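As stored in final22.txt (compact mmCIF, C-alpha atoms):
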# COMPACT_ATOMS: atom_id res chain seq x y z
CA MET M 1 109.88 96.57 57.97
CA ASN M 2 111.74 93.91 59.99
CA LYS M 3 113.49 96.62 61.97
CA TYR M 4 110.13 98.06 63.02
CA LEU M 5 108.85 94.61 63.97
CA SER M 6 111.93 94.16 66.11
CA ILE M 7 111.30 97.48 67.90
CA ILE M 8 107.62 96.61 68.45
CA PHE M 9 108.66 93.22 69.83
CA LEU M 10 111.15 94.79 72.25
CA VAL M 11 108.63 97.43 73.39
CA LEU M 12 106.02 94.74 74.06
CA LEU M 13 108.63 92.64 75.85
CA SER M 14 109.49 95.64 78.06
CA VAL M 15 105.85 95.95 79.14
CA VAL M 16 105.51 92.19 79.67
CA PHE M 17 108.71 92.01 81.75
CA ILE M 18 107.82 94.97 83.98
CA THR M 19 104.31 93.52 84.43
CA ILE M 20 105.71 90.15 85.53
CA GLN M 21 108.15 91.93 87.83
CA THR M 22 105.31 93.84 89.51
CA THR M 23 103.00 90.83 89.83
CA LEU M 24 104.20 87.21 89.80
CA LEU M 25 107.90 87.89 90.43
CA SER M 26 107.56 91.01 92.57
CA PRO M 27 110.06 91.54 95.42
CA HIS M 28 106.95 92.02 97.56
CA ASN M 29 106.36 88.25 97.08
CA LEU M 30 109.89 86.90 96.57
CA ASN M 31 111.93 89.28 98.72
CA TYR M 32 115.65 88.99 97.88
CA TYR M 33 115.23 86.27 95.30
CA TYR M 34 113.33 88.11 92.58
CA PRO M 35 114.93 88.31 89.13
CA ASP M 36 115.27 91.86 87.81
CA LEU M 37 113.82 91.17 84.35
CA ASN M 38 113.94 94.85 83.48
CA LEU M 39 117.72 94.98 83.98
CA ILE M 40 118.22 91.69 82.13
CA LEU M 41 116.41 93.16 79.12
CA ILE M 42 118.56 96.31 79.26
CA VAL M 43 121.77 94.23 79.26
CA PHE M 44 120.34 92.26 76.33
CA LEU M 45 119.71 95.51 74.44
CA ALA M 46 123.26 96.64 75.16
CA ILE M 47 124.87 93.42 73.93
CA PHE M 48 122.68 92.27 71.06
CA SER M 49 120.28 94.87 69.83
CA GLU M 50 121.12 96.15 66.39
CA VAL M 51 118.30 98.59 66.80
CA ARG M 52 119.33 102.21 67.26
CA GLY M 53 116.34 102.65 69.52
CA GLY M 54 118.07 100.54 72.19
CA PHE M 55 119.13 103.72 73.96
CA PHE M 56 115.54 105.04 74.09
CA LEU M 57 114.16 101.63 75.04
CA THR M 58 116.58 101.62 77.98
CA LEU M 59 115.43 105.11 78.91
CA GLY M 60 111.79 103.99 78.82
CA ASN M 61 112.48 100.82 80.80
CA GLY M 62 114.36 102.73 83.48
CA TYR M 63 111.56 105.28 83.69
CA MET M 64 108.94 102.55 84.14
CA MET M 65 111.01 101.21 87.05
CA ASP M 66 111.12 104.68 88.60
CA VAL M 67 107.37 105.22 88.32
CA LEU M 68 106.38 101.79 89.58
CA SER M 69 108.86 101.92 92.48
CA GLY M 70 107.05 104.82 94.10
CA ASN M 71 107.82 107.59 91.61
CA LEU M 72 111.56 107.79 92.22
CA PRO M 73 113.37 110.82 90.71
CA GLY M 74 115.18 109.21 87.77
CA THR M 75 117.27 106.93 89.98
CA PHE M 76 116.63 103.81 87.93
CA THR M 77 116.46 105.66 84.60
CA LEU M 78 119.97 107.06 84.90
CA SER M 79 121.63 104.08 86.63
CA ARG M 80 120.29 101.71 83.96
CA LEU M 81 121.25 104.07 81.18
CA SER M 82 124.81 104.12 82.56
CA ALA M 83 124.87 100.31 82.75
CA TYR M 84 123.59 100.18 79.15
CA LEU M 85 126.34 102.51 77.91
CA LEU M 86 129.12 100.69 79.77
CA VAL M 87 128.04 97.26 78.49
CA ARG M 88 127.47 98.71 75.02
CA SER M 89 131.00 100.11 74.91
CA GLY M 90 132.36 96.56 75.07
CA SER M 91 129.60 94.82 73.14
CA ASN M 92 131.81 94.03 70.11
CA HIS M 93 133.98 91.73 72.19
CA VAL M 94 133.95 88.19 70.83
CA TYR M 95 133.64 86.60 74.31
CA LEU M 96 130.24 88.26 74.79
CA ARG M 97 128.78 85.55 72.53
CA LYS M 98 129.44 82.95 75.24
CA ALA M 99 126.61 82.24 77.69
CA LEU M 100 128.86 82.20 80.75
CA VAL M 101 130.33 85.60 79.89
CA GLN M 102 126.82 86.96 79.35
CA GLY M 103 125.89 85.70 82.82
CA LEU M 104 128.95 87.44 84.24
CA VAL M 105 128.00 90.69 82.47
CA ILE M 106 124.48 90.54 83.93
CA PHE M 107 125.97 89.89 87.38
CA LEU M 108 128.35 92.86 87.06
CA ALA M 109 125.61 95.12 85.67
CA THR M 110 123.45 94.28 88.72
CA ILE M 111 126.30 95.12 91.11
CA PHE M 112 127.07 98.32 89.19
CA THR M 113 123.46 99.62 89.20
CA TRP M 114 123.07 98.97 92.94
CA ILE M 115 126.37 100.69 93.76
CA PHE M 116 125.28 103.64 91.58
CA ILE M 117 121.91 103.95 93.35
CA LEU M 118 123.08 103.28 96.90
CA THR M 119 125.99 105.75 96.60
CA ILE M 120 123.52 108.51 95.66
CA ILE M 121 121.20 107.61 98.54
CA LYS M 122 124.10 107.42 101.01
CA ILE M 123 125.51 110.80 99.88
CA LYS M 124 122.08 112.35 100.31
CA LYS M 125 121.65 110.60 103.69
CA GLY M 126 118.54 108.82 102.45
CA ASP M 127 117.20 105.52 103.72
CA ILE M 128 118.36 102.35 101.94
CA GLY M 129 116.08 100.08 103.98
CA ASP M 130 117.18 96.45 104.31
CA ILE M 131 119.49 96.41 101.27
CA THR M 132 122.86 94.89 102.15
CA ALA M 133 125.93 93.64 100.24
CA LYS M 134 124.61 90.09 100.69
CA TYR M 135 121.35 91.07 99.03
CA ILE M 136 123.14 92.67 96.08
CA LEU M 137 125.27 89.55 95.54
CA ILE M 138 122.21 87.28 95.74
CA GLN M 139 120.39 89.43 93.22
CA GLY M 140 123.38 89.41 90.90
CA ILE M 141 123.45 85.61 90.96
CA VAL M 142 119.65 85.29 90.51
CA ASN M 143 119.76 87.73 87.59
CA ALA M 144 122.63 85.85 85.95
CA LEU M 145 120.83 82.50 86.35
CA PHE M 146 117.57 83.85 84.91
CA GLY M 147 119.36 86.00 82.35
CA ILE M 148 121.14 83.28 80.39
CA PRO M 149 117.99 81.37 79.28
CA ILE M 150 116.11 84.66 78.78
CA PHE M 151 118.92 85.92 76.53
CA TRP M 152 118.80 82.71 74.51
CA MET M 153 115.02 83.00 74.13
CA ILE M 154 114.90 86.71 73.20
CA HIS M 155 117.88 86.35 70.90
CA ARG M 156 116.18 83.60 68.92
CA ILE M 157 112.87 85.48 68.60
CA ASN M 158 114.55 88.82 67.89
CA ALA M 159 116.84 87.30 65.26
CA ARG M 160 113.77 86.31 63.22
CA PHE M 161 112.68 89.94 63.03
CA GLN M 162 116.14 91.17 62.14
CA LYS M 163 116.67 88.74 59.22
CA MET F 1 125.30 106.87 69.17
CA ARG F 2 129.01 106.29 68.49
CA PHE F 3 129.76 109.39 70.57
CA LEU F 4 127.92 107.85 73.53
CA LYS F 5 129.63 104.50 73.04
CA ASN F 6 133.15 105.96 72.95
CA ARG F 7 132.68 108.09 76.04
CA ALA F 8 130.66 105.66 78.20
CA VAL F 9 132.70 106.18 81.38
CA LEU F 10 132.60 109.96 81.08
CA ILE F 11 128.84 109.94 80.45
CA THR F 12 128.31 107.54 83.37
CA ILE F 13 130.06 109.98 85.70
CA LEU F 14 127.94 112.80 84.28
CA LEU F 15 124.74 110.77 84.75
CA PHE F 16 125.77 110.06 88.34
CA PHE F 17 125.93 113.78 89.14
CA VAL F 18 122.65 114.42 87.33
CA SER F 19 121.06 111.65 89.45
CA LEU F 20 122.46 113.24 92.57
CA GLN F 21 120.87 116.57 91.66
CA LEU F 22 117.55 115.00 90.75
CA TYR F 23 117.51 113.12 94.04
CA SER F 24 118.08 116.33 96.03
CA LEU F 25 115.41 118.09 94.02
CA ASN F 26 112.91 115.35 94.74
CA LEU F 27 113.73 115.36 98.46
CA ARG F 28 113.00 119.08 98.62
CA GLU F 29 109.88 119.05 96.50
CA LYS F 30 108.07 115.78 97.06
CA SER F 31 105.58 116.96 94.53
CA GLY F 32 103.15 114.87 92.70
CA GLN F 33 103.10 113.02 89.51
CA ASN F 34 103.35 113.97 85.89
CA PHE F 35 101.56 112.97 82.74
CA ILE F 36 104.16 110.33 81.75
CA SER F 37 103.84 108.62 85.16
CA GLN F 38 100.10 108.36 84.58
CA VAL F 39 100.70 106.89 81.13
CA VAL F 40 103.09 104.27 82.58
CA LEU F 41 100.51 103.30 85.21
CA THR F 42 97.77 103.09 82.59
CA VAL F 43 99.87 101.05 80.13
CA THR F 44 100.87 98.52 82.79
CA TYR F 45 97.36 98.35 84.31
CA TYR F 46 95.82 96.07 81.68
CA PRO F 47 98.49 93.33 81.67
CA GLN F 48 98.65 93.51 85.48
CA LYS F 49 94.89 93.11 85.68
CA ILE F 50 94.97 90.13 83.29
CA ILE F 51 97.63 88.41 85.42
CA TYR F 52 95.63 89.20 88.55
CA ILE F 53 92.41 87.72 87.08
CA VAL F 54 94.15 84.57 85.77
CA SER F 55 96.09 83.90 88.99
CA ASP F 56 92.96 84.61 91.05
CA LYS F 57 90.96 82.09 88.96
CA VAL F 58 93.68 79.45 89.33
CA MET F 59 93.85 79.97 93.10
CA THR F 60 90.05 79.95 93.45
CA THR F 61 89.74 76.71 91.42
CA TRP F 62 92.42 75.07 93.54
CA GLN F 63 90.74 76.30 96.73
CA ASP F 64 87.34 75.00 95.51
CA TYR F 65 88.86 71.59 94.86
CA MET F 66 90.41 71.50 98.34
CA ASP F 67 87.09 72.57 99.88
CA LEU F 68 85.26 69.70 98.15
CA VAL F 69 87.38 67.17 99.98
CA ASN F 70 85.65 67.74 103.33
CA VAL F 71 82.35 69.07 102.04
CA ARG F 72 80.06 66.40 103.62
CA GLN F 73 81.28 66.95 107.16
CA GLU F 74 81.21 70.69 106.57
CA ASN F 75 77.59 70.44 105.45
CA ILE F 76 76.48 68.72 108.66
CA ARG F 77 78.31 71.30 110.77
CA LEU F 78 76.77 74.17 108.80
CA HIS F 79 73.24 72.82 109.34
CA GLU F 80 73.86 72.85 113.07
CA ASP F 81 75.24 76.39 112.83
CA ILE F 82 72.11 77.53 110.95
CA GLN F 83 69.91 76.32 113.80
CA LYS F 84 71.99 78.22 116.35
CA LEU F 85 72.05 81.37 114.17
CA ARG F 86 68.25 81.36 113.82
CA VAL F 87 67.95 81.61 117.59
CA GLU F 88 70.64 84.33 117.73
CA LYS F 89 68.96 86.28 114.90
CA PHE F 90 65.75 86.44 116.89
CA GLU F 91 67.62 87.63 119.99
CA LEU F 92 69.53 90.26 117.96
CA ALA F 93 66.32 91.61 116.45
CA GLU F 94 65.01 92.10 119.96
CA ASP F 95 68.25 93.85 120.99
CA GLY F 96 68.11 96.07 117.87
CA ILE F 97 64.66 97.34 118.74
CA GLN F 98 65.80 98.04 122.28
CA ASN F 99 68.96 99.80 120.95
CA GLN F 100 66.92 102.16 118.74
CA ARG F 101 64.66 103.03 121.65
CA LEU F 102 67.65 103.83 123.90
CA LYS F 103 69.32 105.93 121.15
CA LYS F 104 66.21 108.07 120.90
CA LEU F 105 66.24 108.51 124.66
CA LEU F 106 69.90 109.66 124.64
CA ASP F 107 69.48 111.89 121.52
CA PHE F 108 72.44 110.01 119.93
CA LYS F 109 74.03 111.57 116.81
CA GLU F 110 75.44 109.33 114.07
CA ILE F 111 79.20 109.72 113.45
CA PRO F 112 79.72 110.98 109.89
CA SER F 113 81.72 108.63 107.72
CA TYR F 114 83.52 109.02 104.39
CA PRO F 115 82.58 107.23 101.19
CA ILE F 116 84.93 104.38 100.38
CA VAL F 117 85.96 102.50 97.26
CA SER F 118 87.13 98.90 97.49
CA ALA F 119 90.17 97.87 95.42
CA ASN F 120 92.12 94.73 94.59
CA VAL F 121 95.88 94.60 94.98
CA ILE F 122 97.11 93.75 91.46
CA GLY F 123 100.83 94.34 91.87
CA GLY F 124 103.76 95.59 93.89
CA SER F 125 106.96 97.52 93.43
CA PRO F 126 109.39 95.97 90.90
CA SER F 127 112.38 96.84 93.10
CA LEU F 128 113.45 96.16 96.66
CA LEU F 129 114.66 99.76 96.90
CA ARG F 130 111.10 100.78 97.62
CA SER F 131 109.27 97.51 98.02
CA GLU F 132 106.73 99.07 100.40
CA VAL F 133 104.56 100.12 97.47
CA ILE F 134 101.54 98.24 96.10
CA ILE F 135 99.46 98.79 92.98
CA VAL F 136 95.65 98.71 93.20
CA ASP F 137 93.07 98.52 90.41
CA ARG F 138 91.39 101.88 91.05
CA GLY F 139 92.42 105.23 89.62
CA SER F 140 91.22 108.72 88.77
CA HIS F 141 88.37 107.10 86.80
CA ASP F 142 86.99 105.90 90.17
CA GLY F 143 87.45 109.25 91.92
CA ILE F 144 90.82 108.45 93.48
CA SER F 145 93.29 111.28 94.01
CA GLN F 146 96.78 111.62 95.44
CA GLY F 147 97.11 111.41 99.22
CA MET F 148 93.86 109.56 99.92
CA PRO F 149 94.12 107.16 102.88
CA VAL F 150 93.99 103.42 102.25
CA ALA F 151 92.86 100.90 104.87
CA SER F 152 91.72 97.32 105.28
CA SER F 153 89.20 95.86 107.71
CA GLU F 154 92.06 95.56 110.24
CA GLY F 155 93.46 99.10 110.10
CA ILE F 156 95.59 101.61 108.19
CA VAL F 157 97.44 100.36 105.11
CA GLY F 158 98.95 103.55 103.64
CA ARG F 159 98.09 106.38 101.28
CA VAL F 160 97.75 106.91 97.54
CA LEU F 161 101.07 108.02 96.02
CA THR F 162 100.53 108.13 92.24
CA VAL F 163 97.25 107.95 90.37
CA GLY F 164 96.75 106.54 86.88
CA ASP F 165 93.53 106.39 84.95
CA ARG F 166 92.57 102.89 86.14
CA SER F 167 95.22 102.05 88.76
CA SER F 168 97.11 103.74 91.58
CA GLU F 169 100.25 103.25 93.61
CA VAL F 170 99.82 103.03 97.37
CA LEU F 171 102.69 103.85 99.74
CA LEU F 172 102.47 101.48 102.72
CA ILE F 173 102.84 102.82 106.27
CA THR F 174 106.01 100.73 106.64
CA ASP F 175 107.83 102.71 103.92
CA PRO F 176 110.61 104.92 105.33
CA ILE F 177 109.07 108.08 103.82
CA SER F 178 105.65 107.41 105.40
CA ALA F 179 104.64 109.37 108.54
CA VAL F 180 101.32 109.34 110.40
CA ASP F 181 100.34 111.55 113.33
CA ALA F 182 99.09 109.14 116.00
CA PHE F 183 98.33 108.60 119.66
CA ILE F 184 98.27 105.80 122.18
CA HIS F 185 94.66 104.72 122.54
CA ARG F 186 94.83 104.07 126.31
CA THR F 187 96.56 107.30 127.43
CA ARG F 188 96.10 109.68 124.42
CA VAL F 189 99.89 110.27 124.31
CA ARG F 190 100.87 111.67 120.87
CA GLY F 191 103.71 110.86 118.51
CA ILE F 192 104.58 110.31 114.85
CA VAL F 193 104.46 106.78 113.40
CA LYS F 194 107.17 106.36 110.75
CA GLY F 195 107.94 103.42 108.50
CA THR F 196 111.21 101.54 108.89
CA GLY F 197 110.98 99.27 105.87
CA SER F 198 110.14 96.14 107.83
CA GLY F 199 107.81 97.72 110.42
CA CYS F 200 106.93 101.02 112.09
CA VAL F 201 108.26 103.14 114.90
CA MET F 202 106.41 105.80 116.93
CA GLU F 203 108.74 108.73 117.56
CA TYR F 204 108.67 112.07 119.43
CA ILE F 205 106.80 110.70 122.45
CA GLU F 206 107.41 112.87 125.49
CA GLN F 207 109.78 111.17 127.93
CA ASN F 208 107.50 110.94 130.98
CA SER F 209 104.55 109.66 128.99
CA ASP F 210 102.61 106.58 129.98
CA VAL F 211 103.36 104.05 127.24
CA SER F 212 103.70 100.31 127.67
CA LYS F 213 104.03 97.20 125.55
CA GLY F 214 100.74 96.01 124.10
CA ASP F 215 99.21 99.52 123.88
CA LYS F 216 97.14 100.14 120.76
CA VAL F 217 98.26 102.98 118.47
CA ILE F 218 95.59 104.88 116.50
CA SER F 219 95.66 107.76 114.01
CA SER F 220 95.04 111.25 115.41
CA GLY F 221 93.74 112.77 112.16
CA LYS F 222 95.87 115.87 112.77
CA GLU F 223 98.09 115.65 109.67
CA GLY F 224 95.03 115.77 107.45
CA PHE F 225 95.56 112.54 105.50
CA PHE F 226 94.15 109.82 107.75
CA PRO F 227 90.80 109.95 109.53
CA LYS F 228 90.96 110.05 113.31
CA GLY F 229 90.70 106.84 115.30
CA VAL F 230 91.82 104.26 112.74
CA ILE F 231 94.00 101.56 114.28
CA ILE F 232 97.65 101.42 113.17
CA GLY F 233 99.20 98.71 115.37
CA THR F 234 100.43 97.61 118.78
CA VAL F 235 103.47 98.79 120.75
CA SER F 236 106.00 95.95 120.85
CA ASP F 237 109.05 97.66 122.37
CA ILE F 238 110.00 101.02 123.94
CA GLU F 239 113.37 102.76 124.14
CA THR F 240 114.69 106.23 124.99
CA LYS F 241 116.07 108.33 122.13
CA GLY F 242 117.52 111.64 123.29
CA ASN F 243 114.78 113.63 125.00
CA PHE F 244 112.02 111.46 123.62
CA LEU F 245 110.68 107.94 123.81
CA SER F 246 110.59 105.75 120.73
CA ALA F 247 108.18 102.82 120.48
CA GLN F 248 108.36 99.96 117.99
CA VAL F 249 104.91 99.45 116.49
CA SER F 250 103.78 96.17 114.89
CA PRO F 251 101.18 97.03 112.22
CA PHE F 252 97.79 95.38 112.74
CA VAL F 253 97.42 94.72 109.03
CA ASP F 254 99.52 91.94 107.49
CA LEU F 255 100.97 94.11 104.72
CA ASP F 256 102.78 91.21 103.05
CA SER F 257 99.61 89.36 102.13
CA LEU F 258 97.22 92.14 101.23
CA GLU F 259 94.62 91.19 98.63
CA GLU F 260 91.86 93.76 99.07
CA VAL F 261 91.87 97.27 100.48
CA VAL F 262 89.48 100.19 100.76
CA ILE F 263 90.37 103.70 99.65
CA ILE F 264 88.77 106.39 101.78
CA LEU F 265 87.59 109.19 99.51
CA LYS F 266 88.91 111.87 101.79
CA THR F 267 90.99 114.82 100.71
CA ASN F 268 92.80 117.25 102.97
CA ASN F 269 89.89 119.65 102.69
CA ASN F 270 87.45 117.20 104.26
CA ILE F 271 86.50 117.53 107.90
CA VAL F 272 88.36 115.03 110.06
CA LEU F 273 86.28 112.06 111.18
CA ASN F 274 84.88 112.20 114.73
CA GLU F 275 86.01 115.79 115.26
Output the file's structure in the form of structure tokens.
Amino acid sequence: MNKYLSIIFLVLLSVVFITIQTTLLSPHNLNYYYPDLNLILIVFLAIFSEVRGGFFLTLGNGYMMDVLSGNLPGTFTLSRLSAYLLVRSGSNHVYLRKALVQGLVIFLATIFTWIFILTIIKIKKGDIGDITAKYILIQGIVNALFGIPIFWMIHRINARFQK
Amino acid sequence: MRFLKNRAVLITILLFFVSLQLYSLNLREKSGQNFISQVVLTVTYYPQKIIYIVSDKVMTTWQDYMDLVNVRQENIRLHEDIQKLRVEKFELAEDGIQNQRLKKLLDFKEIPSYPIVSANVIGGSPSLLRSEVIIVDRGSHDGISQGMPVASSEGIVGRVLTVGDRSSEVLLITDPISAVDAFIHRTRVRGIVKGTGSGCVMEYIEQNSDVSKGDKVISSGKEGFFPKGVIIGTVSDIETKGNFLSAQVSPFVDLDSLEEVVIILKTNNNIVLNE
């Protein structure tokens, strides 16, 4: 029963995070300085989630990003799924329990997903708009700063369901 | 799951190539939307709408409070304005009667117009990769369909990209994949207005054409999406690109602070306005 509650909580959190990211904390309002709550949640799923559905939750979260970013063709879905798998592969590491290391993982996941996406666009000679290395670094830092307290908060709530 | 975990790097490389293929596929067939996209738009509509209503109420309450500060002086000024407007109203009524009489004399025909639906901007893109996308609170339930033009009182805003049941995504004219057939209002010189991310550029203008800074750019209606004669922006700079001229266009509409828009219920099959 608790496992199902945990999944329901994470699904609801996915919708809440993407809603906040498209309204109050949208890049349309905050430009470079918006926190990518969707990616933060995916990194959380990769590190902490005991739920097997973490893989499918990541898939759903990435797809929501694709649809709401102008119906992109799986760009976010697959880049975030890759980030999830890479972080997940090292999720048993003892240092991942430290807040600073978690911040570093979020930072690296941000850099990784942007490199993944921009490489595809560059290969296909698409337009990357105003996205620069400076922007990617800023977003990595913003995500890490937002991510640490968010991790702490979700972890505490989620732990109650998993007991 | 253990299989995925143990081969993360290999699967990442595989996913990269799948992404590459999907991206090419999408570039070739910029088709429409699917059922799952509609579900995502519908699921996110309600929380987005709640946030929009709450933030709108907070802003309105704050604005009301600020307005109260100078309300007495405002009241006196408004009374004076009412007196002036009463005189103007009388004069306008006289002009209206004269206008109708002259129209009859000239056998003037009314320009047909399209029905419109007003919409509130309730959200934007969650990523900077395509931040030139906004979400409005009207969908297929209100008669909206893909490709319909979106405007504000100041000019063209963009066109409908994806339609959900109650909300839709609008691609702004500043998005790099946006293109509008347009002409210079003063000289009728034609070109294509494309988005650049931060603004617009009018391309494929013939080299000897008469274009200068400050010229107004309006839609031609030729590509079938936008009605003819809707203002897009003003020429801010001109340069030569190969055999053509290229003009930087500053959009008339402030796309960063859009709150309300109108969706023109026009499909490609409709007759183009003014033609």
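Residues with at least one atom no more than 7 Å from (120.0, 99.1, 73.9), using all atoms listed in the file, are Ile42, Leu45, Ala46, Ser49, Gly53, Gly54, Phe55, Leu57, Thr58 and Tyr84 of chain M.
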Take the residues just selected and output them with C-alpha atoms as a PDB file, keeping the file's coordinate frame.
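Saved the output as result_0.pdb:
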ATOM      1  CA  ILE M  42     118.560  96.310  79.260  1.00  0.00           C
ATOM      2  CA  LEU M  45     119.710  95.510  74.440  1.00  0.00           C
ATOM      3  CA  ALA M  46     123.260  96.640  75.160  1.00  0.00           C
ATOM      4  CA  SER M  49     120.280  94.870  69.830  1.00  0.00           C
ATOM      5  CA  GLY M  53     116.340 102.650  69.520  1.00  0.00           C
ATOM      6  CA  GLY M  54     118.070 100.540  72.190  1.00  0.00           C
ATOM      7  CA  PHE M  55     119.130 103.720  73.960  1.00  0.00           C
ATOM      8  CA  LEU M  57     114.160 101.630  75.040  1.00  0.00           C
ATOM      9  CA  THR M  58     116.580 101.620  77.980  1.00  0.00           C
ATOM     10  CA  TYR M  84     123.590 100.180  79.150  1.00  0.00           C
TER      11      TYR M  84
END
Of M:Ile20, M:Leu100, M:Ala159, M:Leu13, the one nearest to chain F when counting all atoms listed in the file is M:Ile20
Interatomic distance (Å, one decimal) between CA of Phe161 (chain M) and CA of Ser6 (chain M) = 5.3 Å
Residues of chain F within 6 Å of chain M, all atoms listed in the file counted, as a PyMOL selection string = chain F and resi 5+8+12+20+22-23+37+48+123-126+128+130-131+197
Point-to-point distance in Å for CA of Glu132 (chain F) and CA of Ser167 (chain F) = 16.6 Å
To one decimal in Å, tell me the separation between CA of Ile138 (chain M) and CA of Phe17 (chain F).
->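 Rounded to one decimal, the two atoms are 27.6 Å apart.
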Who sits within 9 Å of Phe151 (chain M), all atoms listed in the file, same chain under 3 positions skipped, as an NGL selection string | :M and (40-41 or 44 or 99 or 102 or 146-148 or 154-156)
Distance criterion (all atoms listed in the file): nearest to Ile122 (chain F) out of F:Lys57, F:Arg138, F:Arg190, F:Lys89 =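 Of F:Lys57, F:Arg138, F:Arg190, F:Lys89, the one nearest Ile122 (chain F), counting all atoms listed in the file, is F:Arg138.
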Mind checking which residues fall within 7 Å of Ile238 (chain F), counting all atoms listed in the file, ignoring those fewer than 2 positions away in the same chain, and posting them as a PyMOL selection string?
-> chain F and resi 245-248
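The nearest approach to Gln139 (chain M) among the residues F:Glu260, F:Ser153, F:Ser127, F:Ser19, with all atoms listed in the file taken into account, belongs to F:Ser127.
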Any idea what's packed within 12 Å of region 203-217 of chain F, counting all atoms listed in the file, ignoring anything in its chain fewer than 3 positions away? Could you give it as a ChimeraX atom specification?
-> /F:155-156,179-196,200,220,228-252
Looking at F:Asp175, F:Asp137, F:Asp165, F:Gly224, which one is nearest to Val262 (chain F), with distances taken over all atoms listed in the file?
->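 With all atoms listed in the file as the atom set, the closest residue is F:Asp137.
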